[in-house]
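Trainee: Structure supplied as my_file23.txt; contents: compact mmCIF, C-alpha atoms.
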# COMPACT_ATOMS: atom_id res chain seq x y z
CA MET O 1 0.00 0.00 0.00
CA ASP O 2 1.24 3.49 -0.87
CA SER O 3 0.99 6.16 1.76
CA VAL O 4 1.68 9.86 1.80
CA LYS O 5 2.34 11.88 4.94
CA LEU O 6 0.19 14.89 5.62
CA ASP O 7 1.93 15.87 8.84
CA SER O 8 0.12 19.16 9.35
CA ALA O 9 -3.39 17.80 8.73
CA VAL O 10 -5.98 18.36 11.46
CA PHE O 11 -9.04 16.33 10.33
CA LEU O 12 -8.82 14.78 6.87
CA ASN O 13 -12.28 14.19 5.54
CA ASP O 14 -13.13 13.53 1.88
CA VAL O 15 -11.20 12.68 -1.27
CA ALA O 16 -11.68 13.46 -4.97
CA VAL O 17 -9.50 12.51 -7.92
CA ALA O 18 -9.09 15.04 -10.72
CA ALA O 19 -8.82 14.10 -14.39
CA THR O 20 -5.08 14.86 -14.12
CA GLY O 21 -4.68 12.06 -11.58
CA ALA O 22 -4.07 14.50 -8.73
CA ILE O 23 -5.84 13.68 -5.47
CA TYR O 24 -7.60 16.41 -3.49
CA ILE O 25 -8.41 15.93 0.20
CA THR O 26 -10.40 18.22 2.48
CA ASP O 27 -9.04 19.10 5.92
CA THR O 28 -12.01 20.29 7.96
CA GLY O 29 -9.79 21.76 10.68
CA ILE O 30 -11.83 20.31 13.55
CA ARG O 31 -10.95 18.26 16.60
CA PHE O 32 -13.05 16.64 19.29
CA ASP O 33 -12.39 17.19 22.98
CA ASP O 34 -12.51 14.39 25.55
CA VAL O 35 -16.31 14.71 25.98
CA GLY O 36 -17.12 14.90 22.26
CA ASN O 37 -17.46 18.65 21.74
CA VAL O 38 -16.38 19.89 18.32
CA LEU O 39 -13.50 22.36 18.41
CA HIS O 40 -12.24 24.24 15.37
CA PRO O 41 -8.56 25.08 15.78
CA GLY O 42 -8.25 25.21 11.97
CA PRO O 43 -6.94 25.84 9.49
CA ASP O 44 -9.46 24.95 6.78
CA ARG O 45 -7.65 23.48 3.77
CA VAL O 46 -7.73 21.36 0.68
CA PHE O 47 -4.57 19.33 0.12
CA ARG O 48 -3.36 18.21 -3.29
CA ILE O 49 -1.30 15.10 -3.86
CA GLY O 50 0.16 15.19 -7.34
CA PRO O 51 0.93 12.20 -9.54
CA ASP O 52 4.53 12.69 -8.35
CA ARG O 53 3.28 12.17 -4.73
CA LYS O 54 4.19 15.76 -3.82
CA VAL O 55 1.80 17.17 -1.19
CA THR O 56 0.79 20.84 -1.41
CA VAL O 57 -1.97 23.00 0.01
CA ALA O 58 -4.27 23.76 -2.92
CA ALA O 59 -6.69 26.01 -1.00
CA ARG O 60 -6.72 27.47 2.48
CA GLY O 61 -8.81 29.92 4.46
CA ASP O 62 -11.98 30.69 6.32
CA SER O 63 -13.91 30.99 3.03
CA LEU O 64 -13.85 27.16 2.90
CA GLY O 65 -16.13 27.13 5.99
CA TRP O 66 -14.87 23.85 7.52
CA PRO O 67 -14.60 22.03 4.17
CA ASN O 68 -16.09 18.59 4.42
CA GLY O 69 -17.23 16.88 1.20
CA ILE O 70 -15.50 17.33 -2.14
CA THR O 71 -16.30 15.96 -5.58
CA VAL O 72 -15.37 16.62 -9.17
CA ASP O 73 -17.92 18.26 -11.46
CA GLN O 74 -16.71 17.10 -14.88
CA VAL O 75 -19.30 19.20 -16.72
CA GLY O 76 -18.41 22.42 -14.92
CA LYS O 77 -14.70 21.53 -14.87
CA ARG O 78 -14.52 22.38 -11.19
CA PHE O 79 -14.67 20.92 -7.71
CA ILE O 80 -17.76 21.15 -5.54
CA ILE O 81 -16.96 21.53 -1.84
CA VAL O 82 -19.53 21.55 0.94
CA ALA O 83 -19.02 23.31 4.25
CA PHE O 84 -19.81 21.77 7.62
CA GLY O 85 -19.42 25.10 9.42
CA ALA O 86 -21.71 28.05 9.89
CA SER O 87 -21.54 29.30 6.29
CA LYS O 88 -24.23 26.85 5.06
CA ALA O 89 -22.57 27.05 1.65
CA VAL O 90 -22.16 24.83 -1.36
CA LEU O 91 -18.96 26.00 -3.01
CA SER O 92 -17.41 25.89 -6.46
CA TRP O 93 -13.62 25.90 -6.65
CA LYS O 94 -10.96 25.44 -9.31
CA PRO O 95 -7.24 25.06 -8.65
CA GLY O 96 -5.70 28.51 -8.82
CA ASP O 97 -8.83 30.32 -7.58
CA ARG O 98 -8.05 32.75 -4.78
CA ALA O 99 -11.16 31.61 -2.93
CA PRO O 100 -14.14 29.36 -3.61
CA LYS O 101 -17.40 30.80 -4.92
CA VAL O 102 -20.72 30.24 -3.19
CA ILE O 103 -23.07 28.60 -5.70
CA ALA O 104 -25.89 27.71 -3.30
CA LYS O 105 -26.98 27.95 0.31
CA GLY O 106 -28.93 25.43 2.34
CA ALA O 107 -29.47 24.09 5.82
CA GLY O 108 -25.75 23.75 6.52
CA GLY O 109 -23.99 21.05 8.48
CA PHE O 110 -23.05 19.61 5.09
CA ASP O 111 -21.10 16.37 4.91
CA GLY O 112 -21.27 14.51 1.61
CA VAL O 113 -21.49 15.73 -1.96
CA GLU O 114 -21.85 13.96 -5.30
CA VAL O 115 -22.68 15.08 -8.82
CA ALA O 116 -25.59 13.13 -10.32
CA GLY O 117 -26.10 14.24 -13.90
CA THR O 118 -26.96 17.93 -13.72
CA ARG O 119 -27.76 17.84 -10.00
CA ILE O 120 -25.44 18.33 -7.06
CA LEU O 121 -26.50 16.04 -4.18
CA VAL O 122 -25.58 17.18 -0.66
CA SER O 123 -26.15 15.52 2.73
CA SER O 124 -26.94 17.73 5.73
CA TRP O 125 -26.72 16.97 9.44
CA ALA O 126 -28.61 20.19 10.18
CA ASP O 127 -31.93 18.92 8.79
CA SER O 128 -31.26 15.17 8.23
CA THR O 129 -31.65 15.38 4.47
CA VAL O 130 -30.04 14.85 1.12
CA SER O 131 -30.88 17.80 -1.10
CA ALA O 132 -30.33 18.45 -4.79
CA TYR O 133 -29.03 21.72 -6.20
CA GLU O 134 -29.42 22.20 -9.92
CA THR O 135 -30.11 25.89 -10.35
CA GLY O 136 -28.74 27.06 -7.01
CA GLN O 137 -32.05 26.32 -5.31
CA GLU O 138 -32.32 23.59 -2.69
CA VAL O 139 -34.75 20.73 -3.38
CA LYS O 140 -35.00 18.12 -0.62
CA VAL O 141 -34.93 14.68 -2.24
CA ILE O 142 -34.43 12.47 0.83
CA THR O 143 -35.60 13.33 4.35
CA GLY O 144 -35.46 11.71 7.76
CA VAL O 145 -31.88 10.43 7.61
CA PRO O 146 -30.23 11.17 10.97
CA SER O 147 -26.49 12.01 10.89
CA PRO O 148 -26.08 11.52 7.13
CA ALA O 149 -22.35 11.30 6.55
CA ASP O 150 -20.49 11.33 3.25
CA ILE O 151 -22.63 9.99 0.43
CA GLY O 152 -22.08 7.86 -2.63
CA TYR O 153 -23.95 7.87 -5.92
CA ASP O 154 -24.60 4.77 -8.01
CA ALA O 155 -25.19 6.23 -11.48
CA LYS O 156 -26.05 2.86 -13.04
CA ARG O 157 -29.00 2.34 -10.69
CA ASN O 158 -29.67 6.04 -9.87
CA ARG O 159 -29.28 5.41 -6.13
CA VAL O 160 -27.82 7.39 -3.26
CA LEU O 161 -25.89 5.51 -0.57
CA ILE O 162 -25.95 7.23 2.81
CA PRO O 163 -23.78 6.15 5.73
CA ILE O 164 -25.71 6.88 8.93
CA PHE O 165 -22.82 8.01 11.12
CA GLN O 166 -24.47 7.51 14.50
CA GLY O 167 -26.42 4.43 13.39
CA ASN O 168 -23.57 2.26 12.16
CA ARG O 169 -25.38 1.41 8.93
CA VAL O 170 -25.69 2.45 5.29
CA GLU O 171 -29.04 3.27 3.71
CA VAL O 172 -29.63 2.92 -0.04
CA TRP O 173 -32.24 5.27 -1.53
CA GLN O 174 -33.66 5.10 -5.04
CA LEU O 175 -33.86 8.50 -6.78
CA ARG O 176 -36.72 9.39 -9.08
Kindly transcribe the structure held in the file into structure tokens.
Mentor:
Amino acid sequence: MDSVKLDSAVFLNDVAVAATGAIYITDTGIRFDDVGNVLHPGPDRVFRIGPDRKVTVAARGDSLGWPNGITVDQVGKRFIIVAFGASKAVLSWKPGDRAPKVIAKGAGGFDGVEVAGTRILVSSWADSTVSAYETGQEVKVITGVPSPADIGYDAKRNRVLIPIFQGNRVEVWQLR
């Protein structure tokens, strides 16, 4: 197994692979104290691991809003990053951008993100949902999923796979 050291990482969270073969990893910048409270010592970052295995910081700053989920949007030729923090933002970011752009707002507490055709699917701890964003507007497509963690999308079957963080299970939901 290959491994790469990210010595300065605080809380590595999600991974996306770009068409170039580079790997992008969110660092949410959070820690948990001994009784389970969430602390945010920061910093908020996105690391890049190049095909040469060189690790760099691709994005950094409060505008990432505790970056949690990340995915590649092939159509938009960009990354979609969702924020777990107070910003309640769905972000668009391209390598080289000074800061991400807010493309939608929602309930917040975002964890997972996947692109499903023209829709961006996002899981939210704040309202126990998976919502779709197509035109910047939030449309709740799955409700009643407590602690929905990172999500997966099965394009062949048009299904969303939702790990239930505090339930130790994965739910599979059929999209319409």
Trainee: I'd like to know which of O:Glu114, O:Asp33, O:Ser63, O:Asp97 is closest to Ala16 of chain O, using all atoms listed in the file.
Mentor: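 Ranked by minimum distance to Ala16 of chain O, first place goes to O:Glu114.
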Trainee: Which of these, O:Ala83, O:Ile103, O:Ile120, O:Val139, has the shortest distance to Gly152 of chain O once you count all atoms listed in the file?
Mentor: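 Using all atoms listed in the file, Gly152 of chain O sits closest to O:Ile120.
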Trainee: What lies within 7 Å of Ile70 of chain O using all atoms listed in the file, ignoring chain neighbours under 3 positions off, as a PyMOL selection string?
Mentor: chain O and resi 14-16+26+79-82+113
Trainee: Between atom CA of Phe32 of chain O and atom CA of Asn13 of chain O, what distance in Å does the model show, to one decimal?
Mentor: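 Result for atom CA of Phe32 of chain O versus atom CA of Asn13 of chain O: 14.0 Å, one decimal.
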Trainee: Just want the 9 Å neighbourhood of Ser123 of chain O, counted on all atoms listed in the file, with same-chain residues fewer than 2 positions away dropped. Output as a PyMOL selection string.
Mentor: chain O and resi 109-113+121+125+128-131+147-151+162
Trainee: Complete the atoms of segment 11-24 of chain O to N, CA and C atoms and put them out as a CSV table (one decimal), keeping the file's coordinate frame.
Mentor:
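Final file, rebuild_15.csv:
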chain,number,residue,atom,x,y,z
O,11,PHE,N,-7.9,17.3,10.4
O,11,PHE,CA,-9.0,16.3,10.3
O,11,PHE,C,-9.3,16.1,8.8
O,12,LEU,N,-8.6,15.1,8.3
O,12,LEU,CA,-8.8,14.8,6.9
O,12,LEU,C,-10.2,14.2,6.7
O,13,ASN,N,-10.9,14.5,5.6
O,13,ASN,CA,-12.3,14.2,5.5
O,13,ASN,C,-12.7,13.5,4.3
O,14,ASP,N,-12.6,14.1,3.1
O,14,ASP,CA,-13.1,13.5,1.9
O,14,ASP,C,-12.1,13.6,0.8
O,15,VAL,N,-12.2,12.8,-0.2
O,15,VAL,CA,-11.2,12.7,-1.3
O,15,VAL,C,-11.9,12.7,-2.6
O,16,ALA,N,-11.2,13.4,-3.6
O,16,ALA,CA,-11.7,13.5,-5.0
O,16,ALA,C,-10.5,13.4,-5.9
O,17,VAL,N,-10.6,12.7,-7.0
O,17,VAL,CA,-9.5,12.5,-7.9
O,17,VAL,C,-9.8,13.3,-9.2
O,18,ALA,N,-8.9,14.2,-9.5
O,18,ALA,CA,-9.1,15.0,-10.7
O,18,ALA,C,-8.7,14.3,-12.0
O,19,ALA,N,-9.1,14.7,-13.1
O,19,ALA,CA,-8.8,14.1,-14.4
O,19,ALA,C,-7.3,14.0,-14.6
O,20,THR,N,-6.5,14.9,-14.0
O,20,THR,CA,-5.1,14.9,-14.1
O,20,THR,C,-4.4,13.7,-13.3
O,21,GLY,N,-5.2,13.1,-12.5
O,21,GLY,CA,-4.7,12.1,-11.6
O,21,GLY,C,-4.3,12.6,-10.2
O,22,ALA,N,-4.4,13.9,-10.0
O,22,ALA,CA,-4.1,14.5,-8.7
O,22,ALA,C,-5.2,14.2,-7.8
O,23,ILE,N,-4.9,14.0,-6.5
O,23,ILE,CA,-5.8,13.7,-5.5
O,23,ILE,C,-6.0,14.9,-4.6
O,24,TYR,N,-7.3,15.3,-4.3
O,24,TYR,CA,-7.6,16.4,-3.5
O,24,TYR,C,-8.3,15.9,-2.2
